[in-house]
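Participant: The structure is given below, and queries will be raised subsequently.
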Amino acid sequence: PWSSAELSGVWHGTWDPQHAFAVFFRPLVSWFFAGTFELFGVHAPAHLFLSLVLLTGIVFALAVFVARESGSTALGALTAVVYAVHPNTPWSTGVWLTNDSHKLAGLAVLASLVVWQRVRHRGAAAWWPIVLLAVAGFLVKEDNLMLIPALLTAQWARARLLRDVAPPSRVHWAAGAIVCAGLW
């Protein structure tokens, strides 16, 4: 169990009060692990089930993204199968409970991609769900700081190569820079 001091300390100290892992800024991961311990204690099957639910969410979001992007439900389904049965999946995000942080980060990224598919034809104001997902993703894993620049680059590349969307406006770039600077 985590004390309230440990739960609040993750906002200005390490994400792991026992110092078993490297020092990173991952407050939502800390709260996730503390919350799952409060829910399940040391009941390994419950933790494993939740981990598999997270993995299923990743597979589903990946399949949705690929199906929408390609226009092919079959390709989305194939992507899900390939990801799920790939030999590296159990060793990376698969069933390792300590890698639930990676699953949470992956869900934030994939949810952002799916939302981007819906808002990429709209103005900067429609991108607010991506900002919320990017902030949540950053609070899960600090390398998600690159999510907004990556999506703006994808928008720019799509506009330049496929010409089916407008390139990011100055407002997009400025807002993205402000969000990234704020997170930094």
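Lettering and numbering for the structure tokens are positional, with chains as A, B, ... in the shown order, residues counted from 1 in each chain, and ligands counted from 1 in the shown order.
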Determine which residues of segment 1-139 of chain A receive a DSSP assignment of alpha helix (DSSP H), computed from the backbone, and state them as a ChimeraX atom specification.
Facilitator: /A:4-9,27-40,44-70,73-85,100-119,128-139
Participant: What are the nearest atom pairs, with distances in Å to one decimal, for all residues of segment 64-180 of chain A that come at most 7 Å from segment 48-59 of chain A, using only C-alpha atoms, set out by chain and rising residue number as CSV?
Facilitator:
```
residue,atom,partner,partner_atom,distance
A:Ala80,CA,A:Val59,CA,5.3
A:Tyr83,CA,A:Val59,CA,6.9
A:Ala84,CA,A:Val59,CA,6.8
A:Gly94,CA,A:Leu55,CA,6.5
A:Val95,CA,A:Ser51,CA,6.2
A:Leu97,CA,A:Ser51,CA,6.2
A:Asp100,CA,A:Ser51,CA,6.3
A:Lys103,CA,A:Leu54,CA,6.2
A:Gly106,CA,A:Ile58,CA,6.6
A:Leu107,CA,A:Ile58,CA,5.7
```
Participant: Grab the residues selected above and save them as a short mmCIF file (atom, residue, chain, number, x, y, z; two decimals), in the first residue's frame with N, CA and C atoms.
Facilitator:
```cif
data_model
loop_
_atom_site.label_atom_id
_atom_site.label_comp_id
_atom_site.auth_asym_id
_atom_site.auth_seq_id
_atom_site.Cartn_x
_atom_site.Cartn_y
_atom_site.Cartn_z
N ALA A 80 -4.40 -6.88 -36.14
CA ALA A 80 -4.65 -7.31 -34.76
C ALA A 80 -4.09 -8.70 -34.51
N TYR A 83 -0.19 -8.62 -34.47
CA TYR A 83 0.31 -8.03 -33.23
C TYR A 83 0.11 -9.00 -32.05
N ALA A 84 -1.07 -9.58 -31.98
CA ALA A 84 -1.39 -10.44 -30.84
C ALA A 84 -0.55 -11.71 -30.81
N GLY A 94 3.06 -7.69 -23.61
CA GLY A 94 2.16 -8.80 -23.34
C GLY A 94 1.64 -8.96 -21.94
N VAL A 95 2.19 -9.85 -21.19
CA VAL A 95 1.61 -10.23 -19.91
C VAL A 95 2.45 -9.79 -18.71
N LEU A 97 3.22 -7.64 -15.88
CA LEU A 97 2.49 -6.61 -15.15
C LEU A 97 3.29 -5.33 -15.01
N ASP A 100 2.69 -2.79 -17.66
CA ASP A 100 1.39 -2.14 -17.82
C ASP A 100 1.57 -0.66 -18.14
N LYS A 103 1.64 -0.44 -21.74
CA LYS A 103 0.29 -0.62 -22.30
C LYS A 103 -0.52 0.66 -22.15
N GLY A 106 0.78 3.05 -24.68
CA GLY A 106 0.32 2.63 -26.00
C GLY A 106 -1.14 2.97 -26.24
N LEU A 107 -1.95 2.80 -25.21
CA LEU A 107 -3.37 3.16 -25.34
C LEU A 107 -3.54 4.65 -25.58
#
```
Participant: Restrict the calculation to only C-alpha atoms, then for each residue of segment 65-138 of chain A with any atom at most 8 Å from an atom of segment 15-37 of chain A give the closest atom pair and their distance in Å to one decimal, rows by chain and rising residue number, as JSON lines.
Facilitator:
```
{"residue": "A:Ser101", "atom": "CA", "partner": "A:Val29", "partner_atom": "CA", "distance": 5.9}
{"residue": "A:Ala136", "atom": "CA", "partner": "A:Leu28", "partner_atom": "CA", "distance": 7.7}
{"residue": "A:Phe138", "atom": "CA", "partner": "A:Arg26", "partner_atom": "CA", "distance": 7.7}
```
Participant: How close does each residue of segment 71-136 of chain A get to segment 172-176 of chain A, giving the shortest atom pair and distance in Å to one decimal for every residue with an atom at most 10 Å away, counting only C-alpha atoms, sorted by chain and residue number, as JSON lines?
Facilitator:
```
{"residue": "A:Gly123", "atom": "CA", "partner": "A:His172", "partner_atom": "CA", "distance": 8.2}
{"residue": "A:Ala124", "atom": "CA", "partner": "A:His172", "partner_atom": "CA", "distance": 5.4}
{"residue": "A:Ala125", "atom": "CA", "partner": "A:His172", "partner_atom": "CA", "distance": 8.7}
{"residue": "A:Trp127", "atom": "CA", "partner": "A:His172", "partner_atom": "CA", "distance": 8.6}
{"residue": "A:Val131", "atom": "CA", "partner": "A:Gly176", "partner_atom": "CA", "distance": 8.3}
```
Participant: Can you write out the residues you just picked, keeping C-alpha atoms, as a PDB file, in the first residue's frame?
Facilitator:
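As written to disk, again_23.pdb reads:
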```pdb
ATOM      1  CA  GLY A 123      -9.435  23.286 -37.349  1.00  0.00           C
ATOM      2  CA  ALA A 124      -7.120  23.430 -34.365  1.00  0.00           C
ATOM      3  CA  ALA A 125      -9.991  23.823 -31.879  1.00  0.00           C
ATOM      4  CA  TRP A 127      -7.866  18.846 -31.585  1.00  0.00           C
ATOM      5  CA  VAL A 131      -4.216  17.489 -26.182  1.00  0.00           C
TER       6      VAL A 131
END
```
Participant: Write out as a PyMOL selection string the residues lying within 9 Å of Gly76 of chain A, counting only C-alpha atoms and excluding same-chain residues fewer than 4 positions away.
Facilitator: chain A and resi 60+62-72+80-81
Participant: Could you jot down the atom CA of Val82 of chain A to atom CA of Ala61 of chain A separation for me, Å, one decimal place?
Facilitator: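 Interatomic distance here is 13.8 Å.
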